[in-house]
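Trainee: Below is the structure I would like to discuss, written out as structure tokens.
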There are 2 protein chains.
Amino acid sequence: MAQSDTVDRILDAAEELFAERGFSETSLRMITSKAKVNLAAVNYHFGSKNALIHAVFGRFLTPFSATLENAFDELEARCKGTPPTLNQTLWALTESAVRMPQRNEKGISIFMRLLGLAYTQSQGHLRKFLEQEYSQPFSRFMRLLKEATPQLSAVDRYWRIQFMLGATAFTMSSSDALQDILRNKLGVETTVQEIAARLVPFLAAGMQAQDALLVPPAPDKMPVA
Amino acid sequence: MAQSDTVDRILDAAEELFAERGFSETSLRMITSKAKVNLAAVNYHFGSKNALIHAVFGRFLTPFSATLENAFDELEARCKGTPPTLNQTLWALTESAVRMPQRNEKGISIFMRLLGLAYTQSQGHLRKFLEQEYSQPFSRFMRLLKEATPQLSAVDRYWRIQFMLGATAFTMSSSDALQDILRNKLGVETTVQEIAARLVPFLAAGMQAQDALLVPPAPDKMPVA
DNA sequence: GTCTGTTTGAAACATACGTTTGAAGCACAT
DNA sequence: ATGTGCTTCAAACGTATGTTTCAAACAGAC
């Protein structure tokens with residue numbers, strides 16, 4: 001055939017294995033044997049393991065960032081001048097993520113975990129790649145957040161964005177395991193959409209919490225309320 | 001001498017390198033050369049690399065869990081019957097962490113990052129070790145959380161605890177990188193104490209947010225506020 | 001069919017890893 | 001001083017990694 005499916009098989013296998021085990025802990029041999037292709041195929045088609053990692057992210061992130069830009073366009077058009085609220089902005093983001101065409105039922109969960117790993121594992125090349133490649137939708141989201149929380153100082157906002165990112169990446173990345181626990185302990189079924197529906201109010205409330213104290217209280221005098 | 005300092009030199013070096021680079025990405029040769037000891041010393045004193053990892057955690061976590069139990073004891077004594085509030089519980093935790101005797105100025109920051117990595121990197125042996133060794137203070141913290149948020153359904157509380165854990169683990173696990181960014185972009189210096197002081201109100205507010213909708217709104221009708 | 005450019009295949013490459021070995025070094029009690 | 005128990009050391013072991021090589025297989029154009 002004119003263009004084999006080797007490339008996609010590698011990407012599928014790599015995406016899943018990276019999400020399960022992390023980047024350093026996943027070898028090219030695991031990937032190629034799961035994908036049922038020759039070991040050399042990775043270096044032939046992608047050039048290196050790092051380039052493969054970039055390709056895995058690119059395959060999801062490029063269409064996603066287009067979807068996200070559209071969602072932001074529509075949101076800003078609907079608001080005509082007045083900046084969108086925090087809830088609207090967060091919903092635009094999560095809706096875009098959830099509505100992405102998914103390769104399989106675990107699609108979004110896998111990718112959230114990959115994003116979390118990208119920030120967590122000290123893969124300098126990945127951070128650099130993501131920041132260079134997708135700086136535009138990222139900055140736009142940041143701008144919307146800033147306009148939606150004008151009461152926050154830049155430093156407060158910076159940290160709270162990290163908190164939001166952490167809560168989201170961590171939860172989504174382990175949502176399979178968490179859903180299992182929940183099903184066994186409380187007998188409840190949960191979808192990714194429902195998790196998002198619980199997450200957004202949590203994030204919005206945290207984001208809009210009263211200003212933090214700049215310094216923790218004296219150790220011998222913890223606040224009583 | 002009766003007992004050399006080789007063991008501590010290894011632990012110091014390992015702790016720092018693990019925090020900087022992760023577990024898989026740190027080799028025994030990096031550790032022993034930073035500690036200026038022979039390569040074989042790790043396997044001689046600890047048995048294996050995994051056992052070394054456990055020892056690094058044990059050196060901090062064992063005294064910490066004692067400190068934490070005391071803090072909880074004192075808190076419950078001070079509250080005489082009525083359950084401690086959410087803020088009190090969270091503060092007891094962070095205060096215990098911050099007040100731990102630190103080997104160097106980066107002590108607590110390094111350790112927070114290690115804890116984050118423990119959850120993030122899929123190191124099965126580490127998770128198992130931590131859960132077995134420190135289940136008591138963990139369950140106690142969970143019980144306090146439950147008593148401090150009686151208004152939440154079990155399912156809501158479950159998810160929001162995951163959100164808190166995620167925000168904390170993620171932020172702390174990348175706190176070095178985040179502090180760097182902040183220093184370069186806004187010229188601000190930050191201590192772990194300050195991060196904790198910002199994190200606690202965020203978590204408390206999120207935890208006590210109004211009940212989430214059980215189902216997200218129809219995709220074509222995002223909420224306007 | 002024959003040529004041409006691309007893709008696959010099995011094997012090897014060099015390097016790095018965690019671990020093991022066995023001799024040497026050392027402090028200390030006898 | 002001599003033996004003893006622990007510790008250090010240089011060197012090697014076996015295995016796994018990312019990458020390279022080069023011949024074979026393949027598809028499409030002429």
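By convention in this document, the chains of the structure tokens carry letters A, B, ... by their order, each chain's residues are numbered from 1, and ligands are numbered from 1 in the order they are shown.
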Could you do a least-squares fit of chain B on chain A over every C-alpha atom, in sequence order, and give the output as a compact mmCIF listing (two decimals) with C-alpha atoms, in the first residue's frame?

Mentor:
# COMPACT_ATOMS: atom_id res chain seq x y z
CA MET B 1 0.23 -0.37 -0.55
CA ALA B 2 1.17 3.26 -0.99
CA GLN B 3 1.17 3.99 2.74
CA SER B 4 1.05 1.25 5.29
CA ASP B 5 -0.64 1.53 8.63
CA THR B 6 2.57 0.80 10.48
CA VAL B 7 2.90 4.39 11.63
CA ASP B 8 -0.56 4.46 13.16
CA ARG B 9 -0.18 1.05 14.74
CA ILE B 10 3.00 2.28 16.41
CA LEU B 11 1.33 5.49 17.58
CA ASP B 12 -1.65 3.60 18.98
CA ALA B 13 0.49 1.14 20.87
CA ALA B 14 2.88 3.81 22.12
CA GLU B 15 0.08 6.06 23.30
CA GLU B 16 -1.48 3.29 25.34
CA LEU B 17 1.75 1.97 26.82
CA PHE B 18 3.11 5.41 27.65
CA ALA B 19 -0.09 6.21 29.48
CA GLU B 20 -0.01 2.94 31.38
CA ARG B 21 3.63 2.89 32.37
CA GLY B 22 5.28 6.25 31.70
CA PHE B 23 7.86 7.09 29.10
CA SER B 24 11.11 5.78 30.54
CA GLU B 25 9.38 2.65 31.72
CA THR B 26 8.10 1.79 28.25
CA SER B 27 10.64 0.25 25.88
CA LEU B 28 10.57 0.31 22.12
CA ARG B 29 10.41 -3.46 22.19
CA MET B 30 7.17 -3.36 24.18
CA ILE B 31 5.74 -0.89 21.72
CA THR B 32 6.73 -2.72 18.56
CA SER B 33 5.62 -6.06 19.87
CA LYS B 34 2.24 -4.67 20.93
CA ALA B 35 1.92 -2.98 17.55
CA LYS B 36 3.06 -6.18 15.83
CA VAL B 37 5.70 -4.37 13.79
CA ASN B 38 9.44 -4.77 13.55
CA LEU B 39 11.63 -3.18 16.19
CA ALA B 40 13.48 -1.06 13.64
CA ALA B 41 10.23 0.46 12.37
CA VAL B 42 10.17 3.08 15.11
CA ASN B 43 13.58 4.46 14.28
CA TYR B 44 12.82 4.19 10.58
CA HIS B 45 9.55 6.11 10.69
CA PHE B 46 10.18 8.49 13.57
CA GLY B 47 13.93 8.70 13.95
CA SER B 48 14.17 8.18 17.70
CA LYS B 49 12.16 7.32 20.77
CA ASN B 50 11.91 11.00 21.76
CA ALA B 51 10.58 11.88 18.32
CA LEU B 52 8.01 9.13 18.77
CA ILE B 53 6.90 10.70 22.03
CA HIS B 54 6.53 14.05 20.30
CA ALA B 55 4.52 12.44 17.52
CA VAL B 56 2.15 10.84 20.02
CA PHE B 57 1.46 14.24 21.53
CA GLY B 58 1.26 16.00 18.20
CA ARG B 59 -1.37 13.62 16.87
CA PHE B 60 -3.71 14.65 19.66
CA LEU B 61 -2.59 18.14 20.50
CA THR B 62 -2.57 19.71 17.06
CA PRO B 63 -6.26 19.12 16.32
CA PHE B 64 -7.07 19.83 19.96
CA SER B 65 -5.45 23.24 19.95
CA ALA B 66 -7.43 24.11 16.83
CA THR B 67 -10.65 22.99 18.52
CA LEU B 68 -9.73 25.00 21.56
CA GLU B 69 -9.05 28.15 19.59
CA ASN B 70 -12.47 27.80 17.98
CA ALA B 71 -14.10 27.32 21.37
CA PHE B 72 -12.41 30.46 22.66
CA ASP B 73 -13.40 32.37 19.53
CA GLU B 74 -16.99 31.34 19.93
CA LEU B 75 -16.97 32.11 23.64
CA GLU B 76 -15.57 35.59 23.16
CA ALA B 77 -17.97 36.26 20.31
CA ARG B 78 -20.88 35.20 22.49
CA CYS B 79 -19.72 37.54 25.25
CA LYS B 80 -19.33 40.55 22.96
CA GLY B 81 -16.90 42.73 24.82
CA THR B 82 -17.42 41.62 28.39
CA PRO B 83 -14.78 39.06 29.33
CA PRO B 84 -15.97 35.43 29.76
CA THR B 85 -16.45 34.24 33.32
CA LEU B 86 -14.13 31.81 35.04
CA ASN B 87 -16.67 29.01 34.74
CA GLN B 88 -17.17 29.66 31.06
CA THR B 89 -13.46 29.63 30.42
CA LEU B 90 -12.88 26.41 32.31
CA TRP B 91 -15.84 24.78 30.62
CA ALA B 92 -14.65 25.82 27.20
CA LEU B 93 -11.41 24.05 27.93
CA THR B 94 -12.86 20.83 29.27
CA GLU B 95 -15.58 20.69 26.63
CA SER B 96 -12.99 21.02 23.92
CA ALA B 97 -11.03 18.17 25.43
CA VAL B 98 -14.04 15.93 25.84
CA ARG B 99 -15.43 16.59 22.37
CA MET B 100 -12.25 15.65 20.57
CA PRO B 101 -12.72 12.75 18.14
CA GLN B 102 -11.51 9.73 20.07
CA ARG B 103 -9.72 6.73 18.67
CA ASN B 104 -11.23 4.47 21.30
CA GLU B 105 -13.35 4.66 24.41
CA LYS B 106 -10.33 5.41 26.56
CA GLY B 107 -9.08 8.14 24.23
CA ILE B 108 -9.45 11.23 26.33
CA SER B 109 -8.53 9.50 29.55
CA ILE B 110 -5.33 8.19 28.03
CA PHE B 111 -4.44 11.60 26.80
CA MET B 112 -5.08 13.39 30.04
CA ARG B 113 -2.79 10.94 31.71
CA LEU B 114 -0.13 11.61 29.09
CA LEU B 115 -0.38 15.34 29.70
CA GLY B 116 -0.04 14.76 33.41
CA LEU B 117 3.02 12.63 32.87
CA ALA B 118 4.50 15.30 30.62
CA TYR B 119 4.50 17.68 33.54
CA THR B 120 5.39 15.14 36.15
CA GLN B 121 8.16 13.07 34.61
CA SER B 122 11.21 15.19 34.18
CA GLN B 123 11.34 14.83 30.42
CA GLY B 124 12.97 18.10 29.50
CA HIS B 125 12.65 17.56 25.77
CA LEU B 126 8.91 17.04 26.08
CA ARG B 127 8.27 20.20 28.07
CA LYS B 128 10.30 22.20 25.58
CA PHE B 129 8.49 20.62 22.63
CA LEU B 130 5.06 21.33 24.08
CA GLU B 131 5.86 24.92 25.02
CA GLN B 132 7.33 25.73 21.64
CA GLU B 133 4.62 24.02 19.64
CA TYR B 134 1.52 25.09 21.54
CA SER B 135 2.35 28.39 23.18
CA GLN B 136 -0.44 30.30 21.48
CA PRO B 137 -3.53 28.59 22.91
CA PHE B 138 -1.74 28.43 26.25
CA SER B 139 -1.17 32.19 26.45
CA ARG B 140 -4.68 32.82 25.35
CA PHE B 141 -6.04 30.65 28.13
CA MET B 142 -3.89 32.57 30.59
CA ARG B 143 -5.23 35.88 29.35
CA LEU B 144 -8.82 34.69 29.74
CA LEU B 145 -8.08 33.56 33.27
CA LYS B 146 -6.66 36.93 34.10
CA GLU B 147 -9.71 38.78 32.75
CA ALA B 148 -12.03 36.41 34.58
CA THR B 149 -10.41 37.04 37.97
CA PRO B 150 -9.66 40.76 38.08
CA GLN B 151 -10.09 40.81 41.85
CA LEU B 152 -6.99 38.68 42.38
CA SER B 153 -3.55 40.15 42.77
CA ALA B 154 -1.04 38.94 40.20
CA VAL B 155 0.74 36.89 42.84
CA ASP B 156 -2.41 35.28 44.16
CA ARG B 157 -3.54 34.46 40.65
CA TYR B 158 -0.17 33.00 39.82
CA TRP B 159 -0.22 30.59 42.71
CA ARG B 160 -3.83 29.62 42.27
CA ILE B 161 -3.23 28.81 38.61
CA GLN B 162 -0.47 26.50 39.79
CA PHE B 163 -2.90 24.91 42.22
CA MET B 164 -5.43 24.36 39.43
CA LEU B 165 -2.81 22.94 37.14
CA GLY B 166 -1.61 20.64 39.88
CA ALA B 167 -5.04 19.33 40.77
CA THR B 168 -5.81 18.70 37.12
CA ALA B 169 -2.52 17.19 36.03
CA PHE B 170 -2.23 15.01 39.08
CA THR B 171 -5.77 13.71 38.99
CA MET B 172 -5.77 13.04 35.30
CA SER B 173 -2.35 11.48 35.38
CA SER B 174 -3.44 8.89 37.89
CA SER B 175 -7.06 8.68 36.86
CA ASP B 176 -6.85 5.01 35.93
CA ALA B 177 -5.56 3.99 39.32
CA LEU B 178 -8.06 6.26 41.05
CA GLN B 179 -10.95 4.84 39.07
CA ASP B 180 -9.84 1.35 39.99
CA ILE B 181 -9.80 2.20 43.68
CA LEU B 182 -13.22 3.79 43.42
CA ARG B 183 -14.65 0.80 41.59
CA ASN B 184 -13.33 -1.63 44.19
CA LYS B 185 -14.14 0.39 47.30
CA LEU B 186 -17.44 1.98 46.41
CA GLY B 187 -18.50 0.01 43.35
CA VAL B 188 -18.83 3.12 41.23
CA GLU B 189 -17.99 3.52 37.57
CA THR B 190 -16.62 6.88 36.48
CA THR B 191 -15.96 8.52 33.15
CA VAL B 192 -13.47 11.22 32.43
CA GLN B 193 -16.36 13.51 31.66
CA GLU B 194 -17.64 13.03 35.17
CA ILE B 195 -14.22 13.68 36.66
CA ALA B 196 -14.02 16.89 34.67
CA ALA B 197 -17.51 17.82 35.80
CA ARG B 198 -16.37 17.42 39.39
CA LEU B 199 -13.07 19.13 38.86
CA VAL B 200 -14.33 22.36 37.31
CA PRO B 201 -16.46 23.49 40.27
CA PHE B 202 -13.65 22.59 42.64
CA LEU B 203 -11.19 24.69 40.67
CA ALA B 204 -13.56 27.60 40.24
CA ALA B 205 -14.33 27.70 43.93
CA GLY B 206 -10.70 27.53 44.89
CA MET B 207 -9.77 30.17 42.38
CA GLN B 208 -12.36 32.52 43.81
CA ALA B 209 -11.70 31.83 47.47
CA GLN B 210 -11.37 34.79 49.80
CA ASP B 211 -7.91 36.28 49.80
CA ALA B 212 -5.45 34.19 51.71
CA LEU B 213 -3.66 35.48 54.73
CA LEU B 214 -0.28 36.70 53.63
CA VAL B 215 1.47 35.07 56.57
CA PRO B 216 0.53 31.85 58.31
CA PRO B 217 -0.54 32.19 61.93
CA ALA B 218 2.04 31.64 64.65
CA PRO B 219 2.67 27.90 64.93
CA ASP B 220 1.44 27.76 68.52
CA LYS B 221 -1.81 29.47 67.64
CA MET B 222 -3.52 27.73 64.79
CA PRO B 223 -6.77 29.37 63.71
CA VAL B 224 -9.81 27.79 65.26
CA ALA B 225 -11.99 28.31 62.24

Trainee: Env of segment 11-26 of chain D: 9 Å cut, atoms = only C-alpha atoms (C1' of nucleotides), seq-sep filter 2 positions within chain, self excluded. Answer as a ChimeraX atom specification.

Mentor: /A:27-28,40,43,48-49 /C:6-9,11-17,19-21

Trainee: Could you write out, as an NGL selection string, all the residues of segment 6-166 of chain B that DSSP marks as alpha helix (DSSP H)?

Mentor: :B and (6-21 or 28-35 or 40-45 or 49-79 or 86-99 or 107-120 or 124-133 or 135-148 or 154-166)

Trainee: At what distance in Å, to one decimal, does atom C1' of DG22 of chain C lie from atom C1' of DT7 of chain D?

Mentor: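 Atom C1' of DT7 of chain D sits 13.8 Å away from atom C1' of DG22 of chain C.
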